[in-house]
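Below is my_file11.cif, holding mmCIF, C-alpha atoms.
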data_run
#
loop_
_atom_site.label_atom_id
_atom_site.label_comp_id
_atom_site.auth_asym_id
_atom_site.auth_seq_id
_atom_site.Cartn_x
_atom_site.Cartn_y
_atom_site.Cartn_z
CA MET A 1 -141.89 -67.08 306.50
CA ASP A 2 -139.09 -64.57 306.96
CA ASP A 3 -140.31 -61.41 305.24
CA ARG A 4 -137.39 -59.19 306.28
CA PRO A 5 -135.26 -57.79 303.45
CA TRP A 6 -132.31 -60.21 303.24
CA PRO A 7 -129.67 -57.63 304.29
CA ASP A 8 -131.56 -57.23 307.57
CA ALA A 9 -131.27 -60.97 308.21
CA ILE A 10 -127.49 -60.66 307.76
CA TYR A 11 -127.36 -57.63 310.06
CA ALA A 12 -129.26 -59.55 312.76
CA HIS A 13 -126.56 -62.23 312.65
CA PHE A 14 -123.84 -59.58 312.87
CA LYS A 15 -125.46 -58.49 316.13
CA ARG A 16 -125.93 -62.04 317.42
CA MET A 17 -122.26 -62.88 316.65
CA ASN A 18 -121.04 -59.59 318.16
CA ILE A 19 -119.38 -58.33 314.98
CA ARG A 20 -117.75 -55.03 315.98
CA GLN A 21 -115.89 -53.97 312.82
CA VAL A 22 -117.23 -54.10 309.27
CA GLY A 23 -114.94 -53.29 306.33
CA TYR A 24 -116.40 -52.51 302.93
CA VAL A 25 -115.89 -50.87 299.59
CA PRO A 26 -119.18 -49.13 298.69
CA ASP A 27 -121.40 -51.53 296.75
CA ALA A 28 -124.98 -51.25 295.55
CA GLY A 29 -125.89 -54.83 296.50
CA HIS A 30 -124.67 -54.28 300.06
CA SER A 31 -126.00 -50.72 300.38
CA ARG A 32 -128.81 -51.56 302.83
CA LEU A 33 -126.52 -53.62 305.07
CA ILE A 34 -123.80 -50.94 304.96
CA LYS A 35 -126.36 -48.37 306.10
CA ARG A 36 -127.48 -50.60 308.98
CA CYS A 37 -123.84 -50.93 310.10
CA ILE A 38 -123.17 -47.17 309.83
CA ASP A 39 -126.29 -46.44 311.91
CA ASP A 40 -125.22 -48.88 314.66
CA PRO A 41 -123.02 -47.19 317.30
CA GLU A 42 -121.70 -50.59 318.43
CA ILE A 43 -120.29 -51.35 314.98
CA THR A 44 -117.29 -49.47 313.60
CA GLU A 45 -117.65 -49.33 309.83
CA ILE A 46 -114.44 -48.89 307.86
CA VAL A 47 -114.67 -47.71 304.28
CA LEU A 48 -111.72 -49.14 302.32
CA THR A 49 -109.96 -47.94 299.19
CA THR A 50 -109.58 -51.58 298.10
CA GLU A 51 -110.98 -54.81 299.51
CA GLU A 52 -107.44 -56.06 300.15
CA GLU A 53 -107.19 -53.61 303.05
CA GLY A 54 -110.10 -55.37 304.73
CA VAL A 55 -108.14 -58.60 305.07
CA GLY A 56 -105.51 -56.91 307.24
CA LEU A 57 -108.28 -55.15 309.15
CA VAL A 58 -109.98 -58.45 310.05
CA ALA A 59 -106.69 -59.88 311.32
CA GLY A 60 -105.87 -56.80 313.42
CA ALA A 61 -109.36 -56.65 314.89
CA PHE A 62 -109.18 -60.30 315.93
CA LEU A 63 -105.74 -59.86 317.49
CA GLY A 64 -107.33 -57.10 319.57
CA GLY A 65 -110.25 -59.30 320.61
CA GLN A 66 -112.93 -58.04 318.21
CA ARG A 67 -114.79 -59.89 315.50
CA ALA A 68 -114.96 -58.31 312.06
CA ALA A 69 -116.71 -59.04 308.77
CA LEU A 70 -116.05 -57.94 305.20
CA LEU A 71 -118.55 -56.90 302.57
CA MET A 72 -117.46 -56.92 298.96
CA GLN A 73 -118.49 -57.39 295.37
CA SER A 74 -117.22 -60.33 293.31
CA SER A 75 -114.63 -58.07 291.64
CA GLY A 76 -113.24 -57.26 295.10
CA VAL A 77 -112.36 -60.91 295.71
CA GLY A 78 -109.74 -60.62 293.00
CA ASN A 79 -108.20 -57.65 294.80
CA CYS A 80 -107.60 -59.76 297.94
CA ILE A 81 -105.85 -62.90 296.74
CA ASN A 82 -102.33 -62.52 298.14
CA MET A 83 -103.57 -60.87 301.34
CA PHE A 84 -105.81 -63.88 302.00
CA SER A 85 -102.57 -65.76 302.75
CA LEU A 86 -102.50 -63.86 306.06
CA ILE A 87 -105.78 -65.54 307.00
CA GLN A 88 -104.55 -68.98 305.91
CA ASN A 89 -101.11 -68.73 307.51
CA CYS A 90 -102.34 -67.53 310.89
CA GLY A 91 -105.73 -69.24 311.08
CA PHE A 92 -107.80 -66.10 311.51
CA PRO A 93 -111.58 -66.36 311.34
CA CYS A 94 -112.70 -64.45 308.25
CA LEU A 95 -116.33 -63.98 307.29
CA VAL A 96 -116.78 -62.44 303.84
CA LEU A 97 -120.13 -61.63 302.22
CA VAL A 98 -119.80 -61.38 298.46
CA THR A 99 -122.43 -59.83 296.19
CA MET A 100 -122.12 -61.34 292.72
CA ARG A 101 -121.80 -59.55 289.40
CA GLY A 102 -121.40 -60.94 285.94
CA GLU A 103 -123.53 -64.06 286.24
CA TRP A 104 -127.23 -63.21 285.76
CA GLU A 105 -128.91 -60.37 283.85
CA GLU A 106 -125.62 -58.45 283.93
CA PHE A 107 -125.64 -55.30 281.84
CA ASN A 108 -121.85 -54.79 282.00
CA PRO A 109 -119.96 -57.53 280.16
CA TRP A 110 -116.67 -56.51 281.82
CA GLN A 111 -118.01 -57.95 285.09
CA VAL A 112 -118.13 -61.46 283.65
CA ALA A 113 -114.38 -62.19 283.66
CA MET A 114 -114.00 -61.88 287.44
CA GLY A 115 -117.54 -62.94 288.32
CA SER A 116 -117.08 -66.27 286.58
CA ILE A 117 -114.02 -67.20 288.68
CA THR A 118 -114.94 -65.58 292.02
CA GLU A 119 -116.08 -68.70 293.85
CA GLU A 120 -113.20 -70.79 292.54
CA CYS A 121 -110.68 -68.12 293.58
CA LEU A 122 -112.12 -68.08 297.09
CA ARG A 123 -111.81 -71.87 297.36
CA LEU A 124 -108.25 -71.82 296.07
CA ALA A 125 -107.47 -69.17 298.69
CA GLY A 126 -108.68 -71.48 301.45
CA PHE A 127 -112.30 -70.42 301.88
CA SER A 128 -115.33 -72.61 302.28
CA THR A 129 -118.14 -71.09 300.25
CA TYR A 130 -121.92 -71.07 300.54
CA ARG A 131 -124.00 -69.78 297.64
CA ILE A 132 -127.45 -68.30 298.20
CA ASP A 133 -130.03 -67.82 295.43
CA ASP A 134 -133.18 -67.82 297.59
CA PRO A 135 -133.82 -64.95 300.04
CA ALA A 136 -135.65 -67.37 302.36
CA ARG A 137 -132.35 -69.18 303.01
CA VAL A 138 -130.21 -66.14 303.90
CA ASP A 139 -130.98 -66.34 307.63
CA GLU A 140 -130.06 -70.02 307.99
CA ILE A 141 -126.98 -69.96 305.76
CA VAL A 142 -125.46 -66.80 307.23
CA ARG A 143 -126.04 -68.22 310.71
CA ILE A 144 -124.20 -71.43 309.87
CA ALA A 145 -121.45 -69.67 307.88
CA GLY A 146 -120.79 -67.16 310.66
CA ASP A 147 -120.75 -69.79 313.38
CA ARG A 148 -118.30 -71.87 311.37
CA ALA A 149 -115.99 -68.91 310.82
CA PHE A 150 -115.73 -68.06 314.49
CA ASN A 151 -115.98 -71.54 316.01
CA GLU A 152 -113.40 -73.04 313.66
CA ASP A 153 -111.14 -69.99 313.08
CA LYS A 154 -112.01 -70.53 309.45
CA ALA A 155 -112.26 -68.49 306.26
CA ILE A 156 -115.87 -68.61 305.09
CA ALA A 157 -117.45 -66.77 302.17
CA VAL A 158 -121.16 -66.36 301.57
CA ILE A 159 -121.88 -65.83 297.89
CA LEU A 160 -124.99 -63.69 297.45
CA SER A 161 -125.91 -64.56 293.90
CA GLN A 162 -127.12 -62.12 291.31
CA ILE A 163 -130.40 -64.05 291.23
CA LEU A 164 -130.87 -63.20 294.91
CA ILE A 165 -129.81 -59.58 294.55
CA GLY A 166 -131.75 -59.12 291.34
CA LYS A 167 -135.02 -59.97 293.03
CA LYS A 168 -134.82 -56.75 295.04
CA ASP A 169 -134.67 -53.18 293.91
CA TRP A 170 -131.28 -52.52 295.48
CA ARG A 171 -130.53 -49.24 293.80
CA MET B 1 -78.07 -41.63 308.02
CA LEU B 2 -79.43 -43.53 310.97
CA ASP B 3 -78.71 -47.19 311.61
CA ARG B 4 -81.98 -49.14 311.37
CA ARG B 5 -81.10 -51.56 314.16
CA ASP B 6 -80.15 -48.73 316.53
CA VAL B 7 -83.36 -46.88 315.70
CA VAL B 8 -85.65 -49.83 316.37
CA LYS B 9 -83.79 -50.79 319.53
CA ARG B 10 -84.12 -47.21 320.78
CA LEU B 11 -87.85 -47.12 319.92
CA LEU B 12 -88.60 -50.38 321.72
CA ILE B 13 -86.22 -50.31 324.69
CA ASP B 14 -88.89 -48.92 327.00
CA ARG B 15 -91.83 -50.29 325.07
CA GLY B 16 -94.19 -50.57 328.02
CA ASP B 17 -97.42 -52.13 326.80
CA LEU B 18 -96.94 -51.11 323.16
CA LEU B 19 -98.42 -53.46 320.54
CA VAL B 20 -96.06 -53.78 317.57
CA VAL B 21 -96.79 -54.83 313.99
CA PRO B 22 -93.53 -55.14 311.99
CA GLY B 23 -93.79 -55.27 308.20
CA LEU B 24 -92.27 -58.20 306.32
CA GLY B 25 -88.57 -58.33 305.51
CA ALA B 26 -86.01 -56.17 307.27
CA PRO B 27 -88.41 -54.48 309.75
CA THR B 28 -89.46 -57.89 311.08
CA TYR B 29 -85.75 -58.74 311.56
CA ASP B 30 -85.06 -55.32 313.14
CA VAL B 31 -87.89 -55.73 315.65
CA ALA B 32 -86.74 -59.28 316.45
CA ALA B 33 -83.16 -58.01 316.91
CA ALA B 34 -84.41 -55.44 319.44
CA GLY B 35 -85.63 -58.34 321.59
CA ASP B 36 -88.31 -60.96 321.00
CA HIS B 37 -91.67 -60.12 322.57
CA PRO B 38 -95.05 -61.87 322.38
CA LEU B 39 -96.74 -58.54 321.55
CA ASN B 40 -94.83 -58.38 318.25
CA PHE B 41 -97.07 -59.58 315.45
CA TYR B 42 -94.25 -60.46 313.05
CA LEU B 43 -95.18 -60.48 309.39
CA TRP B 44 -93.49 -62.82 306.94
CA GLY B 45 -95.84 -61.98 304.09
CA ALA B 46 -99.04 -60.01 303.41
CA MET B 47 -96.99 -57.22 301.83
CA GLY B 48 -98.90 -53.95 301.96
CA GLY B 49 -101.04 -55.08 304.88
CA ALA B 50 -99.13 -53.96 307.97
CA ALA B 51 -100.83 -50.56 308.35
CA MET B 52 -104.29 -52.11 308.06
CA ILE B 53 -103.51 -54.77 310.66
CA GLY B 54 -102.44 -51.86 312.85
CA LEU B 55 -105.74 -50.07 312.19
CA GLY B 56 -107.89 -53.09 313.06
CA LEU B 57 -105.90 -53.56 316.24
CA ALA B 58 -106.00 -49.87 317.20
CA LEU B 59 -109.77 -49.71 316.69
CA ALA B 60 -110.29 -52.90 318.72
CA ARG B 61 -108.04 -51.70 321.56
CA PRO B 62 -108.43 -47.96 322.11
CA ASP B 63 -106.91 -48.49 325.56
CA ARG B 64 -103.53 -49.52 324.06
CA ARG B 65 -100.93 -47.91 321.81
CA VAL B 66 -100.18 -49.57 318.47
CA ALA B 67 -96.99 -49.09 316.42
CA VAL B 68 -96.64 -50.35 312.87
CA ILE B 69 -92.92 -50.50 312.01
CA THR B 70 -92.42 -51.16 308.33
CA GLY B 71 -90.29 -50.42 305.29
CA ASP B 72 -90.73 -48.02 302.38
CA GLY B 73 -91.52 -50.81 299.91
CA GLU B 74 -94.15 -52.37 302.17
CA MET B 75 -95.74 -48.97 302.82
CA LEU B 76 -95.78 -48.09 299.13
CA MET B 77 -97.75 -51.27 298.42
CA GLY B 78 -100.46 -50.16 300.86
CA LEU B 79 -100.67 -46.41 300.24
CA GLY B 80 -104.47 -46.55 300.11
CA SER B 81 -104.51 -47.70 303.72
CA LEU B 82 -103.12 -44.28 304.73
CA ALA B 83 -106.31 -42.74 303.31
CA THR B 84 -108.42 -45.33 305.14
CA ILE B 85 -106.61 -44.60 308.42
CA GLY B 86 -107.08 -40.88 307.79
CA VAL B 87 -110.84 -41.39 307.60
CA LYS B 88 -110.97 -43.22 310.96
CA GLN B 89 -108.44 -40.98 312.80
CA PRO B 90 -107.31 -43.56 315.41
CA PRO B 91 -105.54 -41.52 318.12
CA ASN B 92 -103.55 -44.56 319.36
CA LEU B 93 -101.95 -45.61 316.05
CA ALA B 94 -98.47 -44.68 314.83
CA ILE B 95 -96.82 -45.77 311.60
CA VAL B 96 -93.02 -45.75 311.47
CA VAL B 97 -91.47 -46.26 308.04
CA LEU B 98 -87.80 -47.27 308.07
CA ASP B 99 -87.02 -45.69 304.73
CA ASN B 100 -83.79 -46.84 303.10
CA ARG B 101 -85.20 -45.96 299.65
CA HIS B 102 -84.52 -49.49 298.40
CA TYR B 103 -85.90 -53.02 298.30
CA GLY B 104 -83.31 -54.72 300.48
CA GLU B 105 -84.78 -58.24 300.30
CA THR B 106 -84.61 -58.43 296.53
CA GLY B 107 -81.21 -56.94 295.71
CA MET B 108 -81.37 -53.26 296.66
CA GLN B 109 -83.38 -51.99 293.72
CA ALA B 110 -84.45 -48.37 294.15
CA SER B 111 -87.94 -47.74 295.53
CA HIS B 112 -90.25 -44.85 294.67
CA THR B 113 -88.98 -42.87 297.68
CA ASP B 114 -85.51 -42.88 296.11
CA ALA B 115 -87.04 -40.94 293.22
CA GLY B 116 -88.41 -38.37 295.64
CA ILE B 117 -91.91 -39.69 296.21
CA ASP B 118 -92.82 -38.01 299.49
CA LEU B 119 -94.41 -40.34 302.05
CA ILE B 120 -94.72 -37.56 304.63
CA GLY B 121 -96.62 -35.41 302.13
CA ILE B 122 -98.92 -38.34 301.41
CA ALA B 123 -99.53 -38.94 305.13
CA LYS B 124 -100.25 -35.23 305.65
CA SER B 125 -102.73 -35.15 302.81
CA CYS B 126 -104.35 -38.27 304.32
CA ARG B 127 -105.07 -36.21 307.45
CA PHE B 128 -102.48 -37.79 309.75
CA ALA B 129 -102.44 -35.68 312.91
CA ASP B 130 -98.64 -35.72 312.93
CA ALA B 131 -96.40 -36.57 309.97
CA ARG B 132 -92.66 -35.96 310.27
CA ALA B 133 -89.20 -37.12 309.34
CA ALA B 134 -86.60 -38.51 311.75
CA LEU B 135 -83.01 -37.79 310.72
CA THR B 136 -81.14 -37.60 314.02
CA GLU B 137 -80.96 -39.53 317.27
CA ARG B 138 -82.88 -36.73 318.93
CA ASP B 139 -85.65 -37.17 316.33
CA VAL B 140 -85.71 -40.87 317.18
CA ASP B 141 -86.22 -40.04 320.85
CA ASP B 142 -89.08 -37.72 319.86
CA THR B 143 -90.53 -40.57 317.81
CA SER B 144 -90.34 -42.84 320.83
CA ARG B 145 -92.37 -40.32 322.85
CA LEU B 146 -94.85 -40.05 319.97
CA LEU B 147 -95.42 -43.82 320.04
CA HIS B 148 -96.44 -43.68 323.70
CA ALA B 149 -98.19 -40.35 324.06
CA GLY B 150 -98.86 -38.59 320.77
CA LYS B 151 -102.37 -37.96 319.54
CA GLY B 152 -102.44 -39.96 316.35
CA PRO B 153 -102.69 -41.09 313.79
CA SER B 154 -98.97 -40.37 313.58
CA PHE B 155 -96.56 -41.04 310.75
CA VAL B 156 -92.77 -40.98 310.98
CA GLN B 157 -90.41 -41.51 308.08
CA VAL B 158 -87.09 -42.57 309.59
CA GLN B 159 -84.26 -42.02 307.14
CA VAL B 160 -81.99 -45.03 307.54
CA ALA B 161 -78.81 -46.13 305.82
CA THR B 162 -78.86 -48.75 303.10
CA ASP B 163 -76.28 -50.93 304.88
CA ASP B 164 -77.02 -54.61 304.75
CA VAL B 165 -77.41 -55.98 308.27
CA ALA B 166 -77.45 -59.59 309.42
CA ARG B 167 -80.86 -61.22 309.47
CA VAL B 168 -82.33 -61.96 312.88
CA LEU B 169 -85.15 -64.38 312.27
CA PRO B 170 -88.08 -64.58 314.71
CA ILE B 171 -90.61 -67.42 314.75
CA ARG B 172 -92.33 -68.04 311.45
CA ASP B 173 -95.40 -70.12 312.35
CA GLY B 174 -98.29 -67.71 311.80
CA ARG B 175 -100.65 -69.55 314.13
CA GLU B 176 -98.06 -69.45 316.89
CA ILE B 177 -97.33 -65.75 316.32
CA LYS B 178 -101.08 -65.09 316.60
CA ARG B 179 -101.63 -67.37 319.59
CA ARG B 180 -98.85 -65.95 321.72
CA PHE B 181 -99.84 -62.37 320.85
CA MET B 182 -103.42 -62.99 321.94
CA ASP B 183 -102.36 -64.90 325.06
CA ALA B 184 -100.13 -61.98 326.10
CA LEU B 185 -102.79 -59.31 325.54
CA PRO B 186 -105.23 -59.15 328.45
CA LYS B 187 -108.85 -58.62 327.42
CA ALA B 188 -110.03 -55.01 327.22
#

Could I get this file's structure written as structure tokens?
Amino acid sequence: MDDRPWPDAIYAHFKRMNIRQVGYVPDAGHSRLIKRCIDDPEITEIVLTTEEEGVGLVAGAFLGGQRAALLMQSSGVGNCINMFSLIQNCGFPCLVLVTMRGEWEEFNPWQVAMGSITEECLRLAGFSTYRIDDPARVDEIVRIAGDRAFNEDKAIAVILSQILIGKKDWR
Amino acid sequence: MLDRRDVVKRLLIDRGDLLVVPGLGAPTYDVAAAGDHPLNFYLWGAMGGAAMIGLGLALARPDRRVAVITGDGEMLMGLGSLATIGVKQPPNLAIVVLDNRHYGETGMQASHTDAGIDLIGIAKSCRFADARAALTERDVDDTSRLLHAGKGPSFVQVQVATDDVARVLPIRDGREIKRRFMDALPKA
């Protein structure tokens, strides 16, 4: 039984895959993982003004020989749509970890509009998606998702559901 | 007013091992007109993304110099990326905006810079180490030196004429543009 907090399982795969740049817009669900990345001198963390910037970042990093990953909330997916065409057109590997809002015990009804179309938007933009509800599956799914992204030069999104995030006190 | 083709040719004539990211539209044609090179990552889309591609590249390759050459409209769409670059302070990144104050691809509508929006002021307030205008050929030569030796991040607004120039179209296949760039760039 994997009793690590789930963000630590993701971080361990970042290290295994040699992720060197991590772009993010600050997000409560990703706060533990963001802190792990900031504390790691081998990872350059890049705080973005909008998630869209991260798409260009991933492409530039890969052109320079480094692997990158993006952390965002479901609302951030909507900010990226046209920029995702860069990934599609050039066949860049793109690993995105999305924390969900607006789908489960959501206190802010304004999150529902984007949250309810997040996964569909990602698919339309060329991503394969994997949804995780159970913390025990984070390790396996992030391993497979990451390997697919970098072995296939593929856009892959891991959807970290609000059921998963809600089980932890992530504040 | 400077001629955009002359400026870009002058900037790239002794490019050495410079890595170049041209923004979509006229800057991509200007960079192609200066001479095709595998270390040009031509953009045909992703408007607003050129500076961030430059940042990812500059962070990945601190041993190389990176020049983003883009237009005022493309830069305006990614203004937030100037703040993001200012946070990371990459010393090897320069952003050159060929500012003709108009959207040339869509019929020469005025851009925000035509109304006096000050890109240099924005770059300065985003903590760019060097942010300046280029109005003369001498300024362009200074810009060329900045691309190869300045301590960045650097920002240059090159004031170019609005003249319509013939399109010089480089390759368009994104996978091929990526593949030949990566093949031509030896590992760090």

Discussion item. Could you tell me which residues of chain A sit within 12 Å of chain B when counting all atoms listed in the file, and give me the result as an NGL selection string?
Written reply: :A and (19-25 or 42-69 or 80-93 or 153)

Taking the file above as input, evaluate the PyMOL selection byres ((chain B and resi 68) around 8) and report the hits as a CSV table (one decimal) with C-alpha atoms, in the frame of the given file.
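As written to disk, expr-v8.csv reads:
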chain,number,residue,atom,x,y,z
B,20,VAL,CA,-96.1,-53.8,317.6
B,21,VAL,CA,-96.8,-54.8,314.0
B,22,PRO,CA,-93.5,-55.1,312.0
B,23,GLY,CA,-93.8,-55.3,308.2
B,50,ALA,CA,-99.1,-54.0,308.0
B,51,ALA,CA,-100.8,-50.6,308.4
B,54,GLY,CA,-102.4,-51.9,312.8
B,66,VAL,CA,-100.2,-49.6,318.5
B,67,ALA,CA,-97.0,-49.1,316.4
B,69,ILE,CA,-92.9,-50.5,312.0
B,70,THR,CA,-92.4,-51.2,308.3
B,93,LEU,CA,-102.0,-45.6,316.0
B,94,ALA,CA,-98.5,-44.7,314.8
B,95,ILE,CA,-96.8,-45.8,311.6
B,96,VAL,CA,-93.0,-45.8,311.5

Discussion item. Can you measure CA of Phe127 (chain A) to CA of Glu105 (chain A) for me? One decimal in Å is fine.
Written reply: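 Computing it gives 26.5 Å between the two atoms.
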
Item to complete: Have a look at CA of Glu120 (chain A) and CA of Asp134 (chain A) and let me know their distance in Å, one decimal.
Response: 20.8 Å

Worksheet item: Do you know which residues the PyMOL selection byres ((chain B and resi 155) around 7) returns on this file, as a ChimeraX atom specification?
Response: /B:94-96,123,128,130-132,153-154,156-157

Worksheet item: Which residues fall under the PyMOL selection byres ((chain A and resi 104) around 9) in this file, as a PyMOL selection string?
Response: chain A and resi 100-103+105-107+161-163+166

Worksheet entry | Surrounding residues of Asp163 (chain B) excluding itself and chain neighbours under 2 positions, 9 Å, only C-alpha atoms, as a count of residues only | 6

Item to complete: Rank A:Gly126, A:Gly29, A:Gly146, A:Gly76 by their smallest atom-to-atom distance to Arg16 (chain A), using only C-alpha atoms, and report the top residue only.
Response: A:Gly146

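Among the candidates A:Ala155, A:Leu164, A:Ala9, A:Ala149, the one nearest to Arg32 (chain A) when counting only C-alpha atoms is A:Ala9.
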
Worksheet, complete the sentence: Computed gap from CA of Gly116 (chain B) to CA of Leu12 (chain B) is 28.7 Å

Quick one: axis-aligned box around all listed atoms of region 126-136 of chain A, 4 Å on every side, centre and edge lengths in Å to one decimal, written as lines of an AutoDock Vina configuration file.
center_x = -122.2
center_y = -68.8
center_z = 298.9
size_x = 35.0
size_y = 15.7
size_z = 14.9

Item to complete: Pull the neighbourhood of (-112.6, -59.9, 293.5) for me: all residues within 9 Å in file coordinates, counting all atoms listed in the file, as a count of residues only.
Response: 18

Discussion item. Measuring between only C-alpha atoms, which one of A:Glu152, A:Ala28, A:Pro109, A:Ser116 shows the shortest distance to Ser128 (chain A)?
Written reply: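 The answer is A:Glu152, which sits nearest to Ser128 (chain A).
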
Worksheet item: Which of these, A:Leu71, A:Cys94, A:Leu33, A:Leu160, has the shortest distance to Arg137 (chain A) once you count all atoms listed in the file?
Response: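 Once distances to Arg137 (chain A) are computed over all atoms listed in the file, the minimum belongs to A:Leu160.
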